[in-house]
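Enquirer: Sharing a structure with you now.
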Amino acid sequence: MHETISHPERERLQAHLSLQRRAFLQEGGLTAQRRDEALGGLADALVRRAEDFARTIAEDFGHRSSHETKLADIYPVVAALRHARKHFRRWMRPRRRPIQMMFRPGTGRILHQPLGVVGIVSPWNYPVQLALSPLAGAIAAGNRAMLKPSELTPRTSVLLAQVIGDVFDPSEVLVVQGGVDVAQAFVQLDFDHLLFTGSTPVGRQVMRSAAESLVPVTLELGGKSPALVAPDFPLDKAAERTAVGKLFNAGQTCIAPDYVLVPRGREAAFVAAFRKAAAELYPRLAANADYTAIINRRHYDRLRELIADAVKRGAVIHEINPAGEDFNGDGRRIAPVLLTDLPDDALAMQEEIFGPVLPVLAYDSLEDACRLINERPRPLALYIFSHDRESVDCVLERTLSGGVCINDTLLHCVQEELPFGGVGPSGMGAYHGEAGFRTFSHARSVFHQARFNGAGMTKPPYGGRMNRLLSLLLR
Ligand code: NAD
């Protein structure tokens with residue numbers, strides 16, 4: 001039996017939802033003109049406040065590279081808002097559909113209509129991008145929206161609320177702040193659609209809550225995303241690109257390569273190439289503005305425990321600390337660690353790593369590599385390094401993941417024309433670009449009967465005419 005959480009905030013949340021729903025019922029979805037203004041206004045506000053966000057997110061993280069904030073939290077949202085602004089009128093256009101001969105001259109079309117009020121729950125790792133990219137799709141589709149950002153980035157949530165308040169009336173979009181208890185009450189609200197980004201275990205609970213009121217959900221979850229280096233691909237290049245994708249935001253990225261598969265016998269060469277690449281990217285770590293800290297002590301301790309567990313189980317630890325710095329201070333930065341000879345039951349192979357720790361596993365053939373990937377839950381991302389078309393096609397055919405990036409890391413996620421989402425335990429549904437517009441729209445089928453039509457042909461009393469028609473149809 002579903003337990004409704006009683007929370008003092010519940011009534012406040014319900015009042016916000018009622019305000020937006022009333023506005024939707026009275027005024028309908030946002031007009032095209034309002035969508036245009038809002039998408040443009042929010043993009044401009046983010047550009048104007050980019051420095052404020054960089055500073056605020058850095059305070060929430062302890063340290064967050066300001067370049068990474070601008071590159072991964074501000075730029076993708078600005079790009080998404082501008083892309084949606086440019087294309088939403090075309091996405092909105094009703095689509096004519098052909099009608100079978102026997103129902104002509106009736107016509108058919110599909111209207112994409114706003115659902116109403118959308119709920120968006122977002123995590124801390126990219127606190128602006130993961131709150132506002134879904135919003136771009138929701139607004140493009142004409143919805144109103146309530147956002148619940150993560151309690152682990154509270155200063156950023158305050159700033160988000162300010163920026164949203166500058167661009168939107170609360171009857172259009174508002175930000176709800178608070179802890180997990182507020183999030184739990186939030187996902188019980190009777191939204192017209194709920195988009196949740198976060199971990200797979202919490203996603204499960206969110207879906208359970210939403211099921212109570214049959215609220216449709218899009219779940220953007222996590223998992224262990226593999227990188228597979230094929231025998232033909234230069235190891236140093238694969239290592240460098242894996243290092244870039246893994247160490248961005250100190251590995252706290254849902255699509256970061258979680259483990260890497262290399263041809264058997266080349267593990268040591270990969271470790272050496274990764275070490276070299278990482279040292280070039282980050283000659284120092286603890287005192288480097290480019291290297292981001294771990295979000296909080298709990299996650300820091302979790303990662304330390306992951307490494308300690310690997311040691312206990314006999315794995316070989318390769319720490320990368322080019323300047324020989326001391327990491328035992330309060331900075332919450334962790335030097336990158338590669339793990340080889342790691343048994344499968346180690347924690348680092350059982351859960352999503354979400355930090356700068358990378359197991360390096362060996363495979364015997366591409367088939368074997370695909371088997372190793374398929375033994376685990378379907379991942380959010382898959383990275384394939386190969387210039388050999390047949391090898392790439394073979395891996396694409398034999399595996400399934402939310403998305404794929406070939407010969408690089410992370411970049412599939414910032415393509416507005418490519419839907420972004422997981423599959424199975426890494427999520428359901430997708431957004432970005434037109435996929436986001438569709439996620440937040442109802443595709444409404446409309447059949448329009450013609451003034452003069454053949455409907456009389458199919459009504460009772462049935463007899464010879466109907467028999468002749470059926471014999472034609474069922475030939
Ligand atoms: P999380 O699941 O702990 O929290 C995500 C959000 O859910 C937060 O806003 C939190 O307040 C809320 N929440 C927490 N407990 C809840 C509950 N019981 N009911 C309802 N809401 C609840 O995740 P996190 O630690 O913030 O983020 C890391 C996870 O998110 C990783 O697993 C990562 O892979 C995943 N992630 C996925 C994507 C994606 O696009 N697929 C993007 C970023 C992060």
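Note on naming: chains are A, B, ... as they come in the structure tokens, residues start from 1 per chain, ligands start from 1 in the order shown.
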Which residues of chain A sit at most 6 Å from ligand 1, using only C-alpha atoms and all ligand atoms? Give each one's shortest atom pair and distance in Å (one decimal place), in chain and ascending residue order, as a tab-separated table.

Expert:
residue	atom	partner	partner_atom_place_in_ligand_line	distance
A:Val121	CA	ligand 1	9 (O)	5.2
A:Ser122	CA	ligand 1	9 (O)	4.6
A:Pro123	CA	ligand 1	26 (O)	3.5
A:Trp124	CA	ligand 1	26 (O)	4.8
A:Pro149	CA	ligand 1	9 (O)	4.8
A:Ser150	CA	ligand 1	9 (O)	3.4
A:Glu151	CA	ligand 1	11 (O)	5.5
A:Gly179	CA	ligand 1	11 (O)	5.9
A:Val180	CA	ligand 1	11 (O)	4.7
A:Ala183	CA	ligand 1	21 (N)	4.3
A:Gln184	CA	ligand 1	19 (N)	4.0
A:Val187	CA	ligand 1	20 (C)	5.8
A:Thr197	CA	ligand 1	37 (C)	5.2
A:Gly198	CA	ligand 1	30 (O)	3.1
A:Ser199	CA	ligand 1	32 (O)	3.3
A:Val202	CA	ligand 1	2 (O)	4.7
A:Val206	CA	ligand 1	20 (C)	5.4
A:Glu220	CA	ligand 1	41 (N)	3.7
A:Leu221	CA	ligand 1	41 (N)	4.0
A:Gly222	CA	ligand 1	34 (O)	3.1
A:Gly223	CA	ligand 1	34 (O)	5.8
A:Cys254	CA	ligand 1	34 (O)	3.6

Enquirer: As a list in words, please: the residues near segment 380-394 of chain A (cut-off 7 Å, only C-alpha atoms, same-chain neighbours under 2 positions excluded).

Expert: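 Here the answer would be Gly222, Gly223, Ser225, Pro226, Ala227, Leu228, Val229, Ala230, Asp232, Phe233, Ala238, Ile255, Arg378, Leu396, Glu397, Arg398, Ser401, Gly402, Gly403, Val404, Cys405, Ile406, Asn407, Thr409, Gly422, Val423 and Ser426 of chain A.
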
Enquirer: Just list as a PyMOL selection string whatever in segment 327-472 of chain A DSSP marks as strand (DSSP E).

Expert: chain A and resi 337-340+357-363+381-385+403-406+427-428+441-448

Enquirer: Tell me which protein, DNA and RNA residues are within 6 Å of segment 445-460 of chain A, counting only C-alpha atoms, leaving out same-chain ones fewer than 5 positions away, and put them as a PyMOL selection string.

Expert: chain A and resi 105-110

Enquirer: Hey, can you spit out that residue selection with N, CA and C atoms as an mmCIF file, in the first residue's frame?

Expert:
data_model
loop_
_atom_site.group_PDB
_atom_site.id
_atom_site.type_symbol
_atom_site.label_atom_id
_atom_site.label_comp_id
_atom_site.auth_asym_id
_atom_site.auth_seq_id
_atom_site.Cartn_x
_atom_site.Cartn_y
_atom_site.Cartn_z
ATOM 1 N N PRO A 105 -13.322 10.400 -47.999
ATOM 2 C CA PRO A 105 -12.344 11.497 -47.964
ATOM 3 C C PRO A 105 -12.150 12.119 -46.581
ATOM 4 N N GLY A 106 -12.394 11.356 -45.499
ATOM 5 C CA GLY A 106 -12.048 11.872 -44.166
ATOM 6 C C GLY A 106 -10.551 12.161 -44.104
ATOM 7 N N THR A 107 -10.157 12.991 -43.150
ATOM 8 C CA THR A 107 -8.730 13.332 -43.051
ATOM 9 C C THR A 107 -8.218 13.018 -41.645
ATOM 10 N N GLY A 108 -6.901 12.872 -41.530
ATOM 11 C CA GLY A 108 -6.313 12.584 -40.220
ATOM 12 C C GLY A 108 -5.134 13.505 -39.959
ATOM 13 N N ARG A 109 -4.996 13.897 -38.699
ATOM 14 C CA ARG A 109 -3.804 14.702 -38.354
ATOM 15 C C ARG A 109 -3.453 14.435 -36.893
ATOM 16 N N ILE A 110 -2.213 14.799 -36.539
ATOM 17 C CA ILE A 110 -1.761 14.674 -35.151
ATOM 18 C C ILE A 110 -1.432 16.058 -34.636
#

Enquirer: Quick check for you: according to DSSP on this backbone, which residues of segment 355-424 of chain A are classed as alpha helix (DSSP H)? Reply as a ChimeraX atom specification.

Expert: /A:366-374,389-398

Enquirer: Please dump the current selection as a PDB file, in the first residue's frame; keep C-alpha atoms.

Expert:
ATOM      1  CA  LEU A 366      35.064  -8.501 -29.396  1.00  0.00           C
ATOM      2  CA  GLU A 367      32.467 -11.168 -28.816  1.00  0.00           C
ATOM      3  CA  ASP A 368      33.870 -11.709 -25.341  1.00  0.00           C
ATOM      4  CA  ALA A 369      33.806  -7.937 -24.714  1.00  0.00           C
ATOM      5  CA  CYS A 370      30.138  -7.770 -25.761  1.00  0.00           C
ATOM      6  CA  ARG A 371      29.386 -10.670 -23.426  1.00  0.00           C
ATOM      7  CA  LEU A 372      31.045  -8.832 -20.526  1.00  0.00           C
ATOM      8  CA  ILE A 373      28.946  -5.739 -21.305  1.00  0.00           C
ATOM      9  CA  ASN A 374      25.747  -7.762 -21.651  1.00  0.00           C
ATOM     10  CA  ARG A 389      33.546  -0.331 -39.437  1.00  0.00           C
ATOM     11  CA  GLU A 390      32.867  -4.035 -38.990  1.00  0.00           C
ATOM     12  CA  SER A 391      34.006  -3.990 -35.364  1.00  0.00           C
ATOM     13  CA  VAL A 392      31.842  -0.947 -34.597  1.00  0.00           C
ATOM     14  CA  ASP A 393      28.797  -2.505 -36.283  1.00  0.00           C
ATOM     15  CA  CYS A 394      29.378  -5.782 -34.472  1.00  0.00           C
ATOM     16  CA  VAL A 395      29.415  -4.073 -31.053  1.00  0.00           C
ATOM     17  CA  LEU A 396      26.404  -1.904 -31.939  1.00  0.00           C
ATOM     18  CA  GLU A 397      24.434  -4.966 -33.032  1.00  0.00           C
ATOM     19  CA  ARG A 398      25.260  -7.139 -30.037  1.00  0.00           C
TER      20      ARG A 398
END

Enquirer: Identify which of the residues A:Arg95, A:Arg264, A:Ser171, A:Gly203 lies closest to Gln26 of chain A, counting only C-alpha atoms when measuring atom-to-atom distances.

Expert: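 With only C-alpha atoms as the atom set, the closest residue is A:Ser171.
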
Enquirer: Name all residues at most 10 Å from Lys276 of chain A (count only C-alpha atoms; drop same-chain ones fewer than 5 positions away) and give them as number ranges by chain.

Expert: A: 236, 239-240, 243, 270-271, 281-283, 320, 322

Enquirer: Give me the residues near Ala43 of chain A as a PyMOL selection string, where near means some atom within 12 Å (using only C-alpha atoms) and where sequence neighbours in that chain fewer than 2 positions away do not count.

Expert: chain A and resi 36-41+45-50+74-85+129+132-133+135-136+163-164+167
